[in-house]
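S.K.: Dropping in target04.cif, with mmCIF, C-alpha atoms, pLDDT in the B column; chains and numbers go by the auth columns.
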data_structure
loop_
_atom_site.group_PDB
_atom_site.id
_atom_site.type_symbol
_atom_site.label_atom_id
_atom_site.label_comp_id
_atom_site.label_asym_id
_atom_site.label_seq_id
_atom_site.Cartn_x
_atom_site.Cartn_y
_atom_site.Cartn_z
_atom_site.B_iso_or_equiv
_atom_site.auth_seq_id
_atom_site.auth_asym_id
ATOM 1 C CA MET A 1 44.228 96.342 67.599 47.00 1 M
ATOM 2 C CA ILE A 2 42.914 96.541 71.159 50.00 2 M
ATOM 3 C CA PRO A 3 42.642 100.148 72.383 63.00 3 M
ATOM 4 C CA ILE A 4 45.190 100.986 75.056 59.00 4 M
ATOM 5 C CA ASP A 5 42.535 101.877 77.633 71.00 5 M
ATOM 6 C CA LYS A 6 40.775 98.519 77.191 75.00 6 M
ATOM 7 C CA MET A 7 44.082 96.669 77.431 81.00 7 M
ATOM 8 C CA LEU A 8 44.949 98.617 80.583 79.00 8 M
ATOM 9 C CA PHE A 9 41.626 97.714 82.174 75.00 9 M
ATOM 10 C CA LYS A 10 42.211 94.041 81.337 81.00 10 M
ATOM 11 C CA ILE A 11 45.629 94.182 82.995 85.00 11 M
ATOM 12 C CA ILE A 12 44.168 95.873 86.070 82.00 12 M
ATOM 13 C CA LYS A 13 41.379 93.273 86.307 83.00 13 M
ATOM 14 C CA PHE A 14 43.987 90.525 86.148 87.00 14 M
ATOM 15 C CA ILE A 15 46.192 92.123 88.809 90.00 15 M
ATOM 16 C CA ILE A 16 43.368 92.712 91.298 88.00 16 M
ATOM 17 C CA HIS A 17 41.815 89.267 90.811 92.00 17 M
ATOM 18 C CA PRO A 18 41.816 87.319 94.116 94.00 18 M
ATOM 19 C CA ILE A 19 43.559 84.293 92.594 94.00 19 M
ATOM 20 C CA PHE A 20 46.432 86.440 91.321 95.00 20 M
ATOM 21 C CA VAL A 21 46.702 88.307 94.640 95.00 21 M
ATOM 22 C CA TYR A 22 46.794 85.045 96.594 95.00 22 M
ATOM 23 C CA ALA A 23 49.391 83.613 94.205 95.00 23 M
ATOM 24 C CA VAL A 24 51.635 86.617 94.876 94.00 24 M
ATOM 25 C CA ILE A 25 51.152 86.176 98.639 94.00 25 M
ATOM 26 C CA ALA A 26 52.016 82.477 98.317 93.00 26 M
ATOM 27 C CA CYS A 27 55.218 83.284 96.437 91.00 27 M
ATOM 28 C CA LEU A 28 56.266 85.820 99.087 86.00 28 M
ATOM 29 C CA GLU A 29 55.537 83.473 101.972 87.00 29 M
ATOM 30 C CA CYS A 30 57.374 80.570 100.358 84.00 30 M
ATOM 31 C CA ILE A 31 60.736 82.335 100.095 79.00 31 M
ATOM 32 C CA PRO A 32 63.292 80.146 101.932 74.00 32 M
ATOM 33 C CA TYR A 33 64.812 81.836 104.949 62.00 33 M
ATOM 34 C CA GLY A 34 68.563 81.265 105.148 54.00 34 M
ATOM 35 C CA SER A 35 68.625 77.523 105.720 47.00 35 M
ATOM 36 C CA SER A 36 71.646 76.459 107.749 45.00 36 M
ATOM 37 C CA LEU A 37 71.955 73.319 105.618 44.00 37 M
ATOM 38 C CA ASP A 38 74.059 75.089 103.000 51.00 38 M
ATOM 39 C CA LYS A 39 76.358 77.024 105.347 63.00 39 M
ATOM 40 C CA LYS A 40 80.027 76.727 104.528 81.00 40 M
ATOM 41 C CA ILE A 41 82.283 75.871 107.460 86.00 41 M
ATOM 42 C CA TYR A 42 85.678 77.609 107.505 89.00 42 M
ATOM 43 C CA HIS A 43 88.637 75.787 109.038 90.00 43 M
ATOM 44 C CA GLU A 44 90.483 79.000 109.781 91.00 44 M
ATOM 45 C CA MET A 45 90.593 81.890 112.213 93.00 45 M
ATOM 46 C CA PRO A 46 88.103 84.715 111.552 93.00 46 M
ATOM 47 C CA LYS A 47 89.463 87.998 110.241 92.00 47 M
ATOM 48 C CA VAL A 48 89.565 91.142 112.341 93.00 48 M
ATOM 49 C CA GLY A 49 86.084 92.668 112.230 92.00 49 M
ATOM 50 C CA ASP A 50 84.343 89.370 111.426 93.00 50 M
ATOM 51 C CA ASN A 51 81.281 88.081 113.186 94.00 51 M
ATOM 52 C CA PHE A 52 81.569 84.342 113.661 94.00 52 M
ATOM 53 C CA GLY A 53 79.823 81.344 115.135 92.00 53 M
ATOM 54 C CA THR A 54 79.791 77.562 115.015 91.00 54 M
ATOM 55 C CA VAL A 55 77.366 74.909 113.835 85.00 55 M
ATOM 56 C CA GLU A 56 77.187 73.494 117.360 83.00 56 M
ATOM 57 C CA SER A 57 75.907 76.729 118.905 85.00 57 M
ATOM 58 C CA GLU A 58 73.601 79.630 117.993 83.00 58 M
ATOM 59 C CA ALA A 59 75.884 82.112 119.780 91.00 59 M
ATOM 60 C CA ILE A 60 77.470 84.829 117.630 93.00 60 M
ATOM 61 C CA PHE A 61 80.720 86.623 118.430 95.00 61 M
ATOM 62 C CA TYR A 62 82.683 89.617 117.176 95.00 62 M
ATOM 63 C CA TYR A 63 86.405 89.063 116.575 94.00 63 M
ATOM 64 C CA SER A 64 88.640 92.034 117.454 93.00 64 M
ATOM 65 C CA GLY A 65 91.968 90.418 116.632 92.00 65 M
ATOM 66 C CA LYS A 66 92.752 89.967 120.332 92.00 66 M
ATOM 67 C CA GLY A 67 89.729 87.917 121.243 94.00 67 M
ATOM 68 C CA LYS A 68 85.972 87.578 120.941 94.00 68 M
ATOM 69 C CA TYR A 69 83.017 89.562 122.243 94.00 69 M
ATOM 70 C CA ALA A 70 79.637 87.896 122.528 94.00 70 M
ATOM 71 C CA TYR A 71 76.424 89.398 121.208 93.00 71 M
ATOM 72 C CA PRO A 72 74.068 88.930 124.191 91.00 72 M
ATOM 73 C CA ASN A 73 70.839 89.161 122.172 88.00 73 M
ATOM 74 C CA PRO A 74 69.500 89.680 118.610 84.00 74 M
ATOM 75 C CA GLU A 75 68.767 93.356 119.319 85.00 75 M
ATOM 76 C CA CYS A 76 72.435 93.975 120.086 89.00 76 M
ATOM 77 C CA PHE A 77 73.511 92.088 116.949 88.00 77 M
ATOM 78 C CA LEU A 78 71.158 93.888 114.546 85.00 78 M
ATOM 79 C CA GLY A 79 71.582 97.201 116.345 85.00 79 M
ATOM 80 C CA SER A 80 75.315 97.087 115.613 85.00 80 M
ATOM 81 C CA GLY A 81 74.596 97.427 111.887 85.00 81 M
ATOM 82 C CA ASN A 82 74.848 93.738 111.025 89.00 82 M
ATOM 83 C CA PRO A 83 72.674 91.975 108.442 85.00 83 M
ATOM 84 C CA PRO A 84 70.430 89.110 109.636 80.00 84 M
ATOM 85 C CA ALA A 85 72.331 86.226 111.211 74.00 85 M
ATOM 86 C CA ASN A 86 71.453 83.814 108.386 75.00 86 M
ATOM 87 C CA THR A 87 73.048 86.003 105.702 80.00 87 M
ATOM 88 C CA ARG A 88 75.876 84.226 103.906 79.00 88 M
ATOM 89 C CA TYR A 89 79.398 85.130 104.991 85.00 89 M
ATOM 90 C CA GLU A 90 80.232 86.086 101.396 80.00 90 M
ATOM 91 C CA ASP A 91 77.445 88.699 101.594 78.00 91 M
ATOM 92 C CA GLY A 92 78.610 90.160 104.888 83.00 92 M
ATOM 93 C CA GLY A 93 77.099 87.658 107.276 88.00 93 M
ATOM 94 C CA VAL A 94 78.379 85.432 110.056 91.00 94 M
ATOM 95 C CA LYS A 95 81.442 83.283 109.409 92.00 95 M
ATOM 96 C CA ILE A 96 80.930 79.684 110.531 92.00 96 M
ATOM 97 C CA ILE A 97 84.114 78.140 111.916 93.00 97 M
ATOM 98 C CA THR A 98 84.883 74.856 113.667 91.00 98 M
ATOM 99 C CA GLN A 99 84.247 74.591 117.389 92.00 99 M
ATOM 100 C CA GLU A 100 87.919 73.719 117.966 92.00 100 M
ATOM 101 C CA ILE A 101 89.073 77.029 116.484 93.00 101 M
ATOM 102 C CA ALA A 102 86.370 78.996 118.282 94.00 102 M
ATOM 103 C CA ASP A 103 87.453 77.516 121.622 94.00 103 M
ATOM 104 C CA GLN A 104 90.988 78.822 121.059 94.00 104 M
ATOM 105 C CA ILE A 105 89.818 82.449 120.878 95.00 105 M
ATOM 106 C CA PRO A 106 89.760 84.066 124.326 95.00 106 M
ATOM 107 C CA MET A 107 86.530 85.649 125.534 94.00 107 M
ATOM 108 C CA LEU A 108 86.995 89.365 126.226 93.00 108 M
ATOM 109 C CA GLY A 109 83.486 90.453 127.092 91.00 109 M
ATOM 110 C CA SER A 110 80.119 91.352 125.658 91.00 110 M
ATOM 111 C CA MET A 111 79.128 93.555 122.751 90.00 111 M
ATOM 112 C CA CYS A 112 76.757 96.491 123.345 85.00 112 M
ATOM 113 C CA ASP A 113 78.468 97.073 126.662 71.00 113 M
ATOM 114 C CA ASP A 114 79.535 100.675 127.454 58.00 114 M
ATOM 115 C CA GLN A 115 82.876 99.630 128.878 47.00 115 M
ATOM 116 C CA LYS A 116 83.608 97.485 125.838 52.00 116 M
ATOM 117 C CA GLN A 117 82.839 100.356 123.470 47.00 117 M
ATOM 118 C CA GLN A 118 85.320 102.590 125.300 42.00 118 M
ATOM 119 C CA THR A 119 88.174 100.099 125.431 45.00 119 M
ATOM 120 C CA GLU A 120 87.789 98.130 122.202 51.00 120 M
ATOM 121 C CA PRO A 121 86.402 100.043 119.210 47.00 121 M
ATOM 122 C CA VAL A 122 84.506 97.977 116.675 51.00 122 M
ATOM 123 C CA ILE A 123 86.303 97.637 113.353 51.00 123 M
ATOM 124 C CA PRO A 124 83.672 97.894 110.605 49.00 124 M
ATOM 125 C CA ASN A 125 83.440 94.915 108.286 52.00 125 M
ATOM 126 C CA GLU A 126 83.738 96.255 104.745 49.00 126 M
ATOM 127 C CA ARG A 127 81.491 93.495 103.420 47.00 127 M
ATOM 128 C CA ASN A 128 78.587 94.694 105.569 48.00 128 M
ATOM 129 C CA THR A 129 77.464 97.269 103.044 48.00 129 M
ATOM 130 C CA PHE A 130 74.006 98.772 103.028 51.00 130 M
ATOM 131 C CA ILE A 131 73.313 97.270 99.602 53.00 131 M
ATOM 132 C CA ASN A 132 74.179 93.766 100.802 52.00 132 M
ATOM 133 C CA GLN A 133 71.881 94.181 103.782 52.00 133 M
ATOM 134 C CA ALA A 134 68.973 95.851 101.996 52.00 134 M
ATOM 135 C CA THR A 135 68.925 93.356 99.115 52.00 135 M
ATOM 136 C CA SER A 136 69.068 90.306 101.351 54.00 136 M
ATOM 137 C CA THR A 137 65.785 88.373 101.426 53.00 137 M
ATOM 138 C CA ASN A 138 66.476 87.602 105.072 55.00 138 M
ATOM 139 C CA TYR A 139 66.778 91.328 105.823 54.00 139 M
ATOM 140 C CA LEU A 140 63.482 92.013 104.095 54.00 140 M
ATOM 141 C CA LEU A 141 61.779 89.157 105.896 56.00 141 M
ATOM 142 C CA ASP A 142 63.130 90.353 109.251 56.00 142 M
ATOM 143 C CA HIS A 143 62.204 94.009 108.847 56.00 143 M
ATOM 144 C CA PHE A 144 59.019 93.942 106.814 62.00 144 M
ATOM 145 C CA SER A 145 57.370 90.698 107.912 73.00 145 M
ATOM 146 C CA ASN A 146 54.744 92.266 110.177 76.00 146 M
ATOM 147 C CA VAL A 147 53.823 94.994 107.700 85.00 147 M
ATOM 148 C CA SER A 148 53.687 92.565 104.782 89.00 148 M
ATOM 149 C CA HIS A 149 51.372 90.128 106.574 91.00 149 M
ATOM 150 C CA PHE A 150 48.952 92.921 107.430 94.00 150 M
ATOM 151 C CA MET A 151 49.051 94.626 104.024 94.00 151 M
ATOM 152 C CA THR A 152 48.864 91.504 101.845 95.00 152 M
ATOM 153 C CA TYR A 153 45.717 90.233 103.547 96.00 153 M
ATOM 154 C CA PHE A 154 44.295 93.740 103.624 97.00 154 M
ATOM 155 C CA ILE A 155 44.653 93.759 99.837 96.00 155 M
ATOM 156 C CA PHE A 156 43.491 90.134 99.505 97.00 156 M
ATOM 157 C CA SER A 157 40.214 90.809 101.329 96.00 157 M
ATOM 158 C CA LEU A 158 39.637 93.909 99.207 94.00 158 M
ATOM 159 C CA SER A 159 40.236 91.951 96.005 95.00 159 M
ATOM 160 C CA ILE A 160 37.704 89.274 97.021 95.00 160 M
ATOM 161 C CA LEU A 161 35.067 91.853 97.926 93.00 161 M
ATOM 162 C CA PHE A 162 35.623 93.836 94.745 90.00 162 M
ATOM 163 C CA HIS A 163 35.493 90.671 92.653 89.00 163 M
ATOM 164 C CA ARG A 164 32.143 89.759 94.276 87.00 164 M
ATOM 165 C CA ARG A 165 30.780 93.320 94.149 84.00 165 M
ATOM 166 C CA LYS A 166 27.816 92.295 91.954 81.00 166 M
ATOM 167 C CA TYR A 167 26.651 89.821 94.574 80.00 167 M
ATOM 168 C CA LYS A 168 25.406 90.316 98.089 79.00 168 M
ATOM 169 C CA SER A 169 28.514 90.623 100.221 72.00 169 M
ATOM 170 C CA ASN A 170 29.054 87.953 102.854 85.00 170 M
ATOM 171 C CA TYR A 171 31.773 89.471 104.982 93.00 171 M
ATOM 172 C CA TRP A 172 32.142 86.412 107.203 93.00 172 M
ATOM 173 C CA LEU A 173 32.778 84.314 104.092 94.00 173 M
ATOM 174 C CA VAL A 174 35.489 86.731 102.938 95.00 174 M
ATOM 175 C CA PHE A 175 37.122 86.678 106.370 96.00 175 M
ATOM 176 C CA GLY A 176 36.948 82.884 106.394 96.00 176 M
ATOM 177 C CA ILE A 177 38.662 82.649 103.003 96.00 177 M
ATOM 178 C CA CYS A 178 41.453 84.968 104.172 96.00 178 M
ATOM 179 C CA PHE A 179 41.831 83.103 107.471 97.00 179 M
ATOM 180 C CA LEU A 180 41.985 79.655 105.862 97.00 180 M
ATOM 181 C CA GLY A 181 44.245 80.929 103.080 96.00 181 M
ATOM 182 C CA GLY A 182 46.676 82.328 105.635 95.00 182 M
ATOM 183 C CA ALA A 183 46.559 79.153 107.739 96.00 183 M
ATOM 184 C CA LEU A 184 47.272 77.035 104.656 96.00 184 M
ATOM 185 C CA LEU A 185 50.382 79.047 103.786 94.00 185 M
ATOM 186 C CA GLU A 186 51.598 78.970 107.392 92.00 186 M
ATOM 187 C CA GLY A 187 51.344 75.180 107.211 93.00 187 M
ATOM 188 C CA VAL A 188 53.226 75.081 103.920 92.00 188 M
ATOM 189 C CA GLN A 189 55.955 77.258 105.454 88.00 189 M
ATOM 190 C CA HIS A 190 56.247 75.034 108.501 85.00 190 M
ATOM 191 C CA PHE A 191 56.505 71.702 106.707 88.00 191 M
ATOM 192 C CA PHE A 192 58.003 72.450 103.303 86.00 192 M
ATOM 193 C CA ILE A 193 59.989 75.745 103.267 83.00 193 M
ATOM 194 C CA PRO A 194 63.567 75.683 104.604 73.00 194 M
ATOM 195 C CA GLY A 195 64.116 78.132 107.437 65.00 195 M
ATOM 196 C CA ARG A 196 60.433 79.094 107.734 75.00 196 M
ATOM 197 C CA LYS A 197 57.924 78.003 110.359 79.00 197 M
ATOM 198 C CA ALA A 198 54.279 78.601 111.188 84.00 198 M
ATOM 199 C CA GLN A 199 53.748 81.441 113.645 86.00 199 M
ATOM 200 C CA LEU A 200 50.589 82.381 115.487 91.00 200 M
ATOM 201 C CA ASP A 201 51.568 86.074 115.344 89.00 201 M
ATOM 202 C CA ASP A 202 51.688 85.935 111.538 91.00 202 M
ATOM 203 C CA GLN A 203 48.245 84.362 111.356 94.00 203 M
ATOM 204 C CA LEU A 204 46.928 87.011 113.742 95.00 204 M
ATOM 205 C CA LEU A 205 48.318 89.777 111.519 93.00 205 M
ATOM 206 C CA ASN A 206 46.758 88.094 108.487 95.00 206 M
ATOM 207 C CA SER A 207 43.374 88.137 110.216 96.00 207 M
ATOM 208 C CA VAL A 208 43.708 91.745 111.368 96.00 208 M
ATOM 209 C CA GLY A 209 44.675 92.795 107.834 96.00 209 M
ATOM 210 C CA ALA A 210 41.598 91.020 106.438 96.00 210 M
ATOM 211 C CA ILE A 211 39.314 92.716 108.978 97.00 211 M
ATOM 212 C CA PHE A 212 40.691 96.158 108.171 97.00 212 M
ATOM 213 C CA GLY A 213 40.319 95.391 104.461 96.00 213 M
ATOM 214 C CA ILE A 214 36.641 94.586 104.982 95.00 214 M
ATOM 215 C CA LEU A 215 36.099 97.771 107.006 95.00 215 M
ATOM 216 C CA PHE A 216 37.897 99.825 104.363 95.00 216 M
ATOM 217 C CA PHE A 217 35.706 98.319 101.648 93.00 217 M
ATOM 218 C CA LEU A 218 32.558 99.292 103.582 91.00 218 M
ATOM 219 C CA VAL A 219 33.788 102.891 103.633 93.00 219 M
ATOM 220 C CA LEU A 220 34.972 102.779 100.020 90.00 220 M
ATOM 221 C CA LYS A 221 31.550 101.602 98.774 88.00 221 M
ATOM 222 C CA ARG A 222 30.065 104.948 99.801 86.00 222 M
ATOM 223 C CA THR A 223 32.435 106.994 97.629 88.00 223 M
ATOM 224 C CA LYS A 224 32.086 108.188 94.040 81.00 224 M
ATOM 225 C CA ILE A 225 35.485 106.725 93.201 80.00 225 M
ATOM 226 C CA TYR A 226 34.152 103.233 93.921 78.00 226 M
ATOM 227 C CA GLU A 227 31.052 103.799 91.804 78.00 227 M
ATOM 228 C CA LYS A 228 33.180 104.996 88.898 76.00 228 M
ATOM 229 C CA TYR A 229 35.691 102.142 88.818 72.00 229 M
ATOM 230 C CA ALA A 230 33.270 99.394 89.894 71.00 230 M
ATOM 231 C CA ALA A 231 31.177 100.144 86.815 68.00 231 M
ATOM 232 C CA ALA A 232 34.218 100.360 84.525 66.00 232 M
ATOM 233 C CA LEU A 233 35.782 97.114 85.700 65.00 233 M
#
Translate the structure described by the file into structure tokens.

M.R.:
Amino acid sequence: MIPIDKMLFKIIKFIIHPIFVYAVIACLECIPYGSSLDKKIYHEMPKVGDNFGTVESEAIFYYSGKGKYAYPNPECFLGSGNPPANTRYEDGGVKIITQEIADQIPMLGSMCDDQKQQTEPVIPNERNTFINQATSTNYLLDHFSNVSHFMTYFIFSLSILFHRRKYKSNYWLVFGICFLGGALLEGVQHFFIPGRKAQLDDQLLNSVGAIFGILFFLVLKRTKIYEKYAAAL
């Protein structure tokens, strides 16, 4: 029988290994983002309280029963308590209807307008529950993308440095590995993952996270905690 402490250390060594960390990052960055290819088109009027749109246009509207109100921008849409636009209708998202039906609904104004709020109260959509929003991968990608890019490459750079702790540290090499690793995944997203695309901002956050990870490691090396666990692992 392997002692529990030795088994625990083996598990920890596996988890903090750079290859494992990068594999986790790759899995997170390769999550499809609400591809419009599988959207169901409804040949019917939206229900009162529905958000709806059409395949022909990216515009999203709120249906009050009397007519439609346009969401002027994404901030207005998300600020009204809606899940991300690519969430399925069955999960509380936007209902996709035909352009012919949408054209029959009279335009009454714009959402997030003070006058509209006074004259036409928004009827909450019962399907837009907090659980549906919080468990949506699109919601997580929308709200935690910036933090995740920074933190994952912060951890990735630390794992590389810790793995190479017995050798002379080449911090430019570590940064280069993180930079190229991030660029590779951005390329994979752009060409192979539905709904995802390469973004310069994401690559910048990856690089900043790697730099902060290197700086943190330089500070950590001077502590007794590092000496203790570096010897044990």

S.K.: Find the residue from M:Phe175, M:Tyr62, M:Tyr167, M:Phe9 that sits nearest to M:Gly213; use only C-alpha atoms when measuring.

M.R.: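 Closest to M:Gly213 of all the choices is M:Phe175.
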
S.K.: Give me, please, the distance in Å between atom CA of M:Cys112 and atom CA of M:Thr87, quoted to one decimal.

M.R.: 20.9 Å

S.K.: List every protein, DNA or RNA residue that has at least one atom no more than 6 Å from (45.7, 93.4, 96.1) in the file's coordinates, counting only C-alpha atoms, and write the result as a PyMOL selection string.

M.R.: chain M and resi 16+21+155-156+159

S.K.: Applied to the shown file, which residues does the PyMOL selection byres ((chain M and resi 160) around 9) return, written as a VMD selection string?

M.R.: chain M and resid 16 to 19 155 to 159 161 to 165 174 177

S.K.: Using the file's own x, y and z axes, what box holds all listed atoms of stretch 57-62 of chain M with 8 Å on each side, keeping edges along x, y and z, and what are its centre and edge lengths in Å to one decimal, as lines of an AutoDock Vina configuration file?

M.R.:
center_x = 78.1
center_y = 83.2
center_z = 118.5
size_x = 25.1
size_y = 28.9
size_z = 18.6

S.K.: Quick check, in Å to one decimal: how far apart do atom CA of M:Gly65 and atom CA of M:Pro84 lie?

M.R.: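 Going from atom CA of M:Gly65 over to atom CA of M:Pro84 covers 22.7 Å.
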
S.K.: Can you tell me, as a PyMOL selection string, what residues are no more than 10 Å from M:Leu28 when counting only C-alpha atoms, ignoring any on the same chain fewer than 6 positions away?

M.R.: chain M and resi 22+141+148-149+152

S.K.: Using only C-alpha atoms, can you tell me which of M:Tyr171, M:Ile25, M:Lys66, M:Asp91 comes closest to M:Leu215?

M.R.: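 So, comparing all the options, the nearest one is M:Tyr171.
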
S.K.: May I have the residues within 12 Å of M:Pro74 as a ChimeraX atom specification, using all atoms listed in the file and disregarding those fewer than 3 positions away in the same chain?

M.R.: /M:58-61,70-71,77-86,111-112,142

S.K.: Using the chain letters and numbers from the file, give me the residues hit by the PyMOL selection byres ((chain M and resi 95) around 12), as a ChimeraX atom specification.

M.R.: /M:39-55,59-63,85-94,96-98,102,125,127

S.K.: Could you spell out the hits of the PyMOL selection byres ((chain M and resi 207-211) around 7) on the shown file, as a PyMOL selection string?

M.R.: chain M and resi 150-151+153-154+157+175+178-179+203-206+212-215

S.K.: Residues of the last selection are to be written out with C-alpha atoms, as a CSV table (one decimal), in the coordinates of the input.

M.R.:
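Once written, selection27.csv looks like this:
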chain,number,residue,atom,x,y,z
M,150,PHE,CA,49.0,92.9,107.4
M,151,MET,CA,49.1,94.6,104.0
M,153,TYR,CA,45.7,90.2,103.5
M,154,PHE,CA,44.3,93.7,103.6
M,157,SER,CA,40.2,90.8,101.3
M,175,PHE,CA,37.1,86.7,106.4
M,178,CYS,CA,41.5,85.0,104.2
M,179,PHE,CA,41.8,83.1,107.5
M,203,GLN,CA,48.2,84.4,111.4
M,204,LEU,CA,46.9,87.0,113.7
M,205,LEU,CA,48.3,89.8,111.5
M,206,ASN,CA,46.8,88.1,108.5
M,212,PHE,CA,40.7,96.2,108.2
M,213,GLY,CA,40.3,95.4,104.5
M,214,ILE,CA,36.6,94.6,105.0
M,215,LEU,CA,36.1,97.8,107.0

S.K.: Nearest to M:Ser64: which of M:Ser145, M:Gln199, M:Thr223, M:Ser110 is it, counting all atoms listed in the file?

M.R.: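 Ranked by minimum distance to M:Ser64, first place goes to M:Ser110.
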
S.K.: Measure the distance from atom CA of M:Lys13 to atom CA of M:Val188 in Å and round it to one decimal.

M.R.: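 Those two atoms sit 28.0 Å apart.
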
S.K.: Which one of M:Gln104, M:Gln99, M:Glu29, M:Glu75 sits closest to M:Ala183 if you count only C-alpha atoms?

M.R.: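 So, comparing all the options, the nearest one is M:Glu29.
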
S.K.: Using only C-alpha atoms, pick whichever of M:Cys76, M:Lys166, M:Val24, M:Pro106 has the shortest atom-to-atom distance to M:Ala230.

M.R.: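 Result for the nearest residue to M:Ala230: M:Lys166.
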
S.K.: Which of these, M:Glu100, M:Cys27, M:Gly182, M:Lys228, has the shortest distance to M:Glu56 once you count only C-alpha atoms?

M.R.: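 Looking at the shortest contact to M:Glu56, the residue is M:Glu100.
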